[in-house]
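Below is one structure; the comments refer to it alone.
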Amino acid sequence: MAYLMLYGTGWTQRWRIAEGMEQQIGEAITRVGKNETTQLSVLDPGTYAPATLVVAWAQVAAAVILDAGSGPAHDEAGGQYA
């Protein structure tokens with residue numbers, strides 16, 4: 001289980017990455033700051049159902065993938081939280 005962390009001016013988001021999508025998302029985060037968009041497969045924070053997140057990389061200042069290990073999912077693991 002891994003999470004995508006996105007940081008912008010005045011906001012932070014954390015999204016649980018859909019199974020098997022870590023490599024694709026790892027390649028996508030190299031677009032930070034570029035005038036591009038990417039569709040990423042994540043899990044809805046409320047239902048853990050697959051969802052598509054569209055990221056406008058020009059609005060993202062930093063991005064990182066965090067490995068959460070094999071422990072239980074965190075209840076507040078997704079979406080905007082700051």
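As shown in the structure tokens, the chain order sets the letters A, B, ...; within each chain, residues go from 1, and ligands are also counted from 1 in the order they appear.
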Any chance you could list, as JSON, numbers by chain, the residues in chain A that come up strand (DSSP E or B) when DSSP is run on the backbone? {"A": [2, 3, 4, 5, 6, 7, 8, 11, 12, 13, 14, 15, 16, 17, 37, 38, 39, 40, 41, 42, 43, 50, 51, 52, 53, 54, 55, 56, 62, 63, 64, 65, 66, 67, 79, 80]}
Neighbours of range 49-60 of chain A within 8 Å (only C-alpha atoms; same-chain residues fewer than 2 positions away dropped), as a list of chain:residue names? A:Leu6, A:Tyr7, A:Gly8, A:Thr9, A:Ala18, A:Arg31, A:Val32, A:Gly33, A:Lys34, A:Asn35, A:Glu36, A:Thr37, A:Thr38, A:Gln39, A:Leu40, A:Ser41, A:Val42, A:Leu43, A:Asp44, A:Thr47, A:Ala62, A:Ala63
For the residues selected in the previous step, produce a file with N, CA, C and O atoms as a PDB file, in the first residue's frame.
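Result saved to part_14.pdb:
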```pdb
ATOM      1  N   LEU A   6       0.646  15.239  -2.642  1.00  0.00           N
ATOM      2  CA  LEU A   6       0.774  16.382  -3.535  1.00  0.00           C
ATOM      3  C   LEU A   6       0.781  17.652  -2.697  1.00  0.00           C
ATOM      4  O   LEU A   6      -0.049  17.803  -1.789  1.00  0.00           O
ATOM      5  N   TYR A   7       1.697  18.561  -3.005  1.00  0.00           N
ATOM      6  CA  TYR A   7       1.829  19.814  -2.263  1.00  0.00           C
ATOM      7  C   TYR A   7       1.756  20.981  -3.241  1.00  0.00           C
ATOM      8  O   TYR A   7       2.434  20.979  -4.259  1.00  0.00           O
ATOM      9  N   GLY A   8       0.946  21.977  -2.902  1.00  0.00           N
ATOM     10  CA  GLY A   8       0.855  23.193  -3.696  1.00  0.00           C
ATOM     11  C   GLY A   8       0.893  24.395  -2.770  1.00  0.00           C
ATOM     12  O   GLY A   8       1.109  24.261  -1.566  1.00  0.00           O
ATOM     13  N   THR A   9       0.660  25.573  -3.308  1.00  0.00           N
ATOM     14  CA  THR A   9       0.659  26.783  -2.509  1.00  0.00           C
ATOM     15  C   THR A   9      -0.603  26.812  -1.648  1.00  0.00           C
ATOM     16  O   THR A   9      -1.704  26.994  -2.156  1.00  0.00           O
ATOM     17  N   ALA A  18      -3.936   3.115  -6.248  1.00  0.00           N
ATOM     18  CA  ALA A  18      -4.554   1.845  -6.615  1.00  0.00           C
ATOM     19  C   ALA A  18      -3.464   0.781  -6.794  1.00  0.00           C
ATOM     20  O   ALA A  18      -2.345   1.077  -7.219  1.00  0.00           O
ATOM     21  N   ARG A  31       6.552  15.273 -13.639  1.00  0.00           N
ATOM     22  CA  ARG A  31       5.963  16.394 -14.372  1.00  0.00           C
ATOM     23  C   ARG A  31       5.667  17.600 -13.477  1.00  0.00           C
ATOM     24  O   ARG A  31       5.149  18.605 -13.954  1.00  0.00           O
ATOM     25  N   VAL A  32       5.965  17.517 -12.198  1.00  0.00           N
ATOM     26  CA  VAL A  32       5.691  18.613 -11.261  1.00  0.00           C
ATOM     27  C   VAL A  32       6.183  19.928 -11.842  1.00  0.00           C
ATOM     28  O   VAL A  32       7.310  20.026 -12.317  1.00  0.00           O
ATOM     29  N   GLY A  33       5.309  20.939 -11.804  1.00  0.00           N
ATOM     30  CA  GLY A  33       5.644  22.271 -12.285  1.00  0.00           C
ATOM     31  C   GLY A  33       5.462  22.481 -13.777  1.00  0.00           C
ATOM     32  O   GLY A  33       5.470  23.618 -14.241  1.00  0.00           O
ATOM     33  N   LYS A  34       5.268  21.424 -14.535  1.00  0.00           N
ATOM     34  CA  LYS A  34       5.099  21.549 -15.988  1.00  0.00           C
ATOM     35  C   LYS A  34       3.643  21.857 -16.328  1.00  0.00           C
ATOM     36  O   LYS A  34       2.730  21.518 -15.585  1.00  0.00           O
ATOM     37  N   ASN A  35       3.427  22.459 -17.469  1.00  0.00           N
ATOM     38  CA  ASN A  35       2.086  22.806 -17.916  1.00  0.00           C
ATOM     39  C   ASN A  35       1.455  21.597 -18.606  1.00  0.00           C
ATOM     40  O   ASN A  35       1.214  21.597 -19.811  1.00  0.00           O
ATOM     41  N   GLU A  36       1.216  20.536 -17.820  1.00  0.00           N
ATOM     42  CA  GLU A  36       0.648  19.282 -18.313  1.00  0.00           C
ATOM     43  C   GLU A  36      -0.381  18.767 -17.319  1.00  0.00           C
ATOM     44  O   GLU A  36      -0.363  19.149 -16.150  1.00  0.00           O
ATOM     45  N   THR A  37      -1.255  17.889 -17.781  1.00  0.00           N
ATOM     46  CA  THR A  37      -2.172  17.186 -16.889  1.00  0.00           C
ATOM     47  C   THR A  37      -1.978  15.685 -17.084  1.00  0.00           C
ATOM     48  O   THR A  37      -1.536  15.234 -18.136  1.00  0.00           O
ATOM     49  N   THR A  38      -2.301  14.933 -16.044  1.00  0.00           N
ATOM     50  CA  THR A  38      -2.190  13.476 -16.078  1.00  0.00           C
ATOM     51  C   THR A  38      -3.373  12.882 -15.330  1.00  0.00           C
ATOM     52  O   THR A  38      -3.789  13.412 -14.300  1.00  0.00           O
ATOM     53  N   GLN A  39      -3.900  11.778 -15.841  1.00  0.00           N
ATOM     54  CA  GLN A  39      -4.931  11.022 -15.138  1.00  0.00           C
ATOM     55  C   GLN A  39      -4.249   9.904 -14.376  1.00  0.00           C
ATOM     56  O   GLN A  39      -3.487   9.128 -14.949  1.00  0.00           O
ATOM     57  N   LEU A  40      -4.517   9.832 -13.065  1.00  0.00           N
ATOM     58  CA  LEU A  40      -3.907   8.823 -12.199  1.00  0.00           C
ATOM     59  C   LEU A  40      -4.983   7.960 -11.553  1.00  0.00           C
ATOM     60  O   LEU A  40      -6.050   8.451 -11.186  1.00  0.00           O
ATOM     61  N   SER A  41      -4.689   6.677 -11.375  1.00  0.00           N
ATOM     62  CA  SER A  41      -5.612   5.758 -10.715  1.00  0.00           C
ATOM     63  C   SER A  41      -5.333   5.766  -9.212  1.00  0.00           C
ATOM     64  O   SER A  41      -4.244   5.403  -8.770  1.00  0.00           O
ATOM     65  N   VAL A  42      -6.330   6.211  -8.452  1.00  0.00           N
ATOM     66  CA  VAL A  42      -6.251   6.251  -6.993  1.00  0.00           C
ATOM     67  C   VAL A  42      -7.489   5.583  -6.429  1.00  0.00           C
ATOM     68  O   VAL A  42      -8.359   5.130  -7.171  1.00  0.00           O
ATOM     69  N   LEU A  43      -7.582   5.547  -5.110  1.00  0.00           N
ATOM     70  CA  LEU A  43      -8.763   4.981  -4.454  1.00  0.00           C
ATOM     71  C   LEU A  43      -9.523   6.090  -3.742  1.00  0.00           C
ATOM     72  O   LEU A  43      -8.924   6.936  -3.070  1.00  0.00           O
ATOM     73  N   ASP A  44     -10.835   6.099  -3.909  1.00  0.00           N
ATOM     74  CA  ASP A  44     -11.688   7.077  -3.244  1.00  0.00           C
ATOM     75  C   ASP A  44     -11.487   6.964  -1.741  1.00  0.00           C
ATOM     76  O   ASP A  44     -11.540   5.852  -1.193  1.00  0.00           O
ATOM     77  N   THR A  47     -14.734   5.338   0.133  1.00  0.00           N
ATOM     78  CA  THR A  47     -15.219   3.995  -0.188  1.00  0.00           C
ATOM     79  C   THR A  47     -14.112   3.039  -0.616  1.00  0.00           C
ATOM     80  O   THR A  47     -14.355   1.848  -0.728  1.00  0.00           O
ATOM     81  N   ALA A  62       5.355  20.123  -5.263  1.00  0.00           N
ATOM     82  CA  ALA A  62       6.131  18.935  -4.911  1.00  0.00           C
ATOM     83  C   ALA A  62       5.195  17.734  -4.850  1.00  0.00           C
ATOM     84  O   ALA A  62       4.020  17.864  -4.553  1.00  0.00           O
ATOM     85  N   ALA A  63       5.756  16.559  -5.119  1.00  0.00           N
ATOM     86  CA  ALA A  63       4.992  15.317  -5.040  1.00  0.00           C
ATOM     87  C   ALA A  63       5.923  14.210  -4.574  1.00  0.00           C
ATOM     88  O   ALA A  63       7.109  14.221  -4.874  1.00  0.00           O
TER      89      ALA A  63
END
```
From the DSSP assignment of the backbone, select every residue of chain A that is helix (DSSP H, G or I), and format the answer as a PyMOL selection string. chain A and resi 22-31+57-59
Hey, can you spit out that residue selection with N, CA, C and O atoms as a short mmCIF file (atom, residue, chain, number, x, y, z; two decimals), in the first residue's frame?
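Written file, again-v8.cif:
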```
data_model
loop_
_atom_site.label_atom_id
_atom_site.label_comp_id
_atom_site.auth_asym_id
_atom_site.auth_seq_id
_atom_site.Cartn_x
_atom_site.Cartn_y
_atom_site.Cartn_z
N GLU A 22 1.86 2.06 -8.72
CA GLU A 22 2.96 2.83 -8.13
C GLU A 22 3.98 3.28 -9.17
O GLU A 22 4.43 4.43 -9.15
N GLN A 23 4.36 2.40 -10.08
CA GLN A 23 5.36 2.76 -11.09
C GLN A 23 4.85 3.85 -12.01
O GLN A 23 5.55 4.82 -12.30
N GLN A 24 3.61 3.73 -12.49
CA GLN A 24 3.04 4.74 -13.38
C GLN A 24 2.98 6.09 -12.68
O GLN A 24 3.34 7.12 -13.26
N ILE A 25 2.56 6.11 -11.43
CA ILE A 25 2.47 7.36 -10.69
C ILE A 25 3.87 7.90 -10.40
O ILE A 25 4.10 9.11 -10.47
N GLY A 26 4.81 7.02 -10.11
CA GLY A 26 6.19 7.45 -9.91
C GLY A 26 6.75 8.16 -11.13
O GLY A 26 7.47 9.15 -11.01
N GLU A 27 6.42 7.67 -12.31
CA GLU A 27 6.86 8.31 -13.54
C GLU A 27 6.12 9.64 -13.75
O GLU A 27 6.71 10.61 -14.23
N ALA A 28 4.85 9.69 -13.37
CA ALA A 28 4.05 10.90 -13.58
C ALA A 28 4.51 12.07 -12.72
O ALA A 28 4.45 13.22 -13.16
N ILE A 29 4.99 11.80 -11.50
CA ILE A 29 5.34 12.91 -10.62
C ILE A 29 6.57 13.69 -11.11
O ILE A 29 6.85 14.78 -10.61
N THR A 30 7.25 13.18 -12.12
CA THR A 30 8.36 13.95 -12.69
C THR A 30 7.86 15.16 -13.47
O THR A 30 8.66 16.00 -13.89
N ARG A 31 6.55 15.27 -13.64
CA ARG A 31 5.96 16.39 -14.37
C ARG A 31 5.67 17.60 -13.48
O ARG A 31 5.15 18.61 -13.95
N TRP A 57 -0.25 19.57 -13.24
CA TRP A 57 1.08 19.61 -12.65
C TRP A 57 1.62 21.02 -12.44
O TRP A 57 2.46 21.24 -11.57
N ALA A 58 1.17 22.00 -13.21
CA ALA A 58 1.64 23.37 -13.03
C ALA A 58 1.23 23.92 -11.66
O ALA A 58 1.87 24.84 -11.13
N GLN A 59 0.20 23.35 -11.04
CA GLN A 59 -0.28 23.79 -9.74
C GLN A 59 0.37 23.03 -8.59
O GLN A 59 0.10 23.31 -7.42
#
```
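Note that CA of Gly10 in chain A and CA of Gly46 in chain A are 23.3 Å apart.
In this structure, CA of Ala68 in chain A sits 21.3 Å away from CA of Trp11 in chain A.
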When you look at Ile65 in chain A with a cut-off of 7 Å (counting only C-alpha atoms), what residues show up, excluding the ones that are within fewer than 2 positions of it in the same chain? I need them as a PyMOL selection string. chain A and resi 2-5+67
Restricted to N, CA and C atoms, what would the selected residues look like written as an mmCIF file, in the first residue's frame?
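Saved as again22.cif:
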```cif
data_model
loop_
_atom_site.group_PDB
_atom_site.id
_atom_site.type_symbol
_atom_site.label_atom_id
_atom_site.label_comp_id
_atom_site.auth_asym_id
_atom_site.auth_seq_id
_atom_site.Cartn_x
_atom_site.Cartn_y
_atom_site.Cartn_z
ATOM 1 N N ALA A 2 0.554 2.199 -0.864
ATOM 2 C CA ALA A 2 1.324 3.435 -0.957
ATOM 3 C C ALA A 2 0.369 4.607 -1.134
ATOM 4 N N TYR A 3 0.878 5.784 -0.804
ATOM 5 C CA TYR A 3 0.100 7.013 -0.918
ATOM 6 C C TYR A 3 0.829 8.019 -1.788
ATOM 7 N N LEU A 4 0.077 8.785 -2.548
ATOM 8 C CA LEU A 4 0.598 9.894 -3.320
ATOM 9 C C LEU A 4 0.350 11.165 -2.519
ATOM 10 N N MET A 5 1.412 11.899 -2.233
ATOM 11 C CA MET A 5 1.308 13.183 -1.551
ATOM 12 C C MET A 5 1.557 14.279 -2.569
ATOM 13 N N ASP A 67 5.467 4.833 0.973
ATOM 14 C CA ASP A 67 5.112 3.435 1.182
ATOM 15 C C ASP A 67 4.553 3.311 2.586
#
```
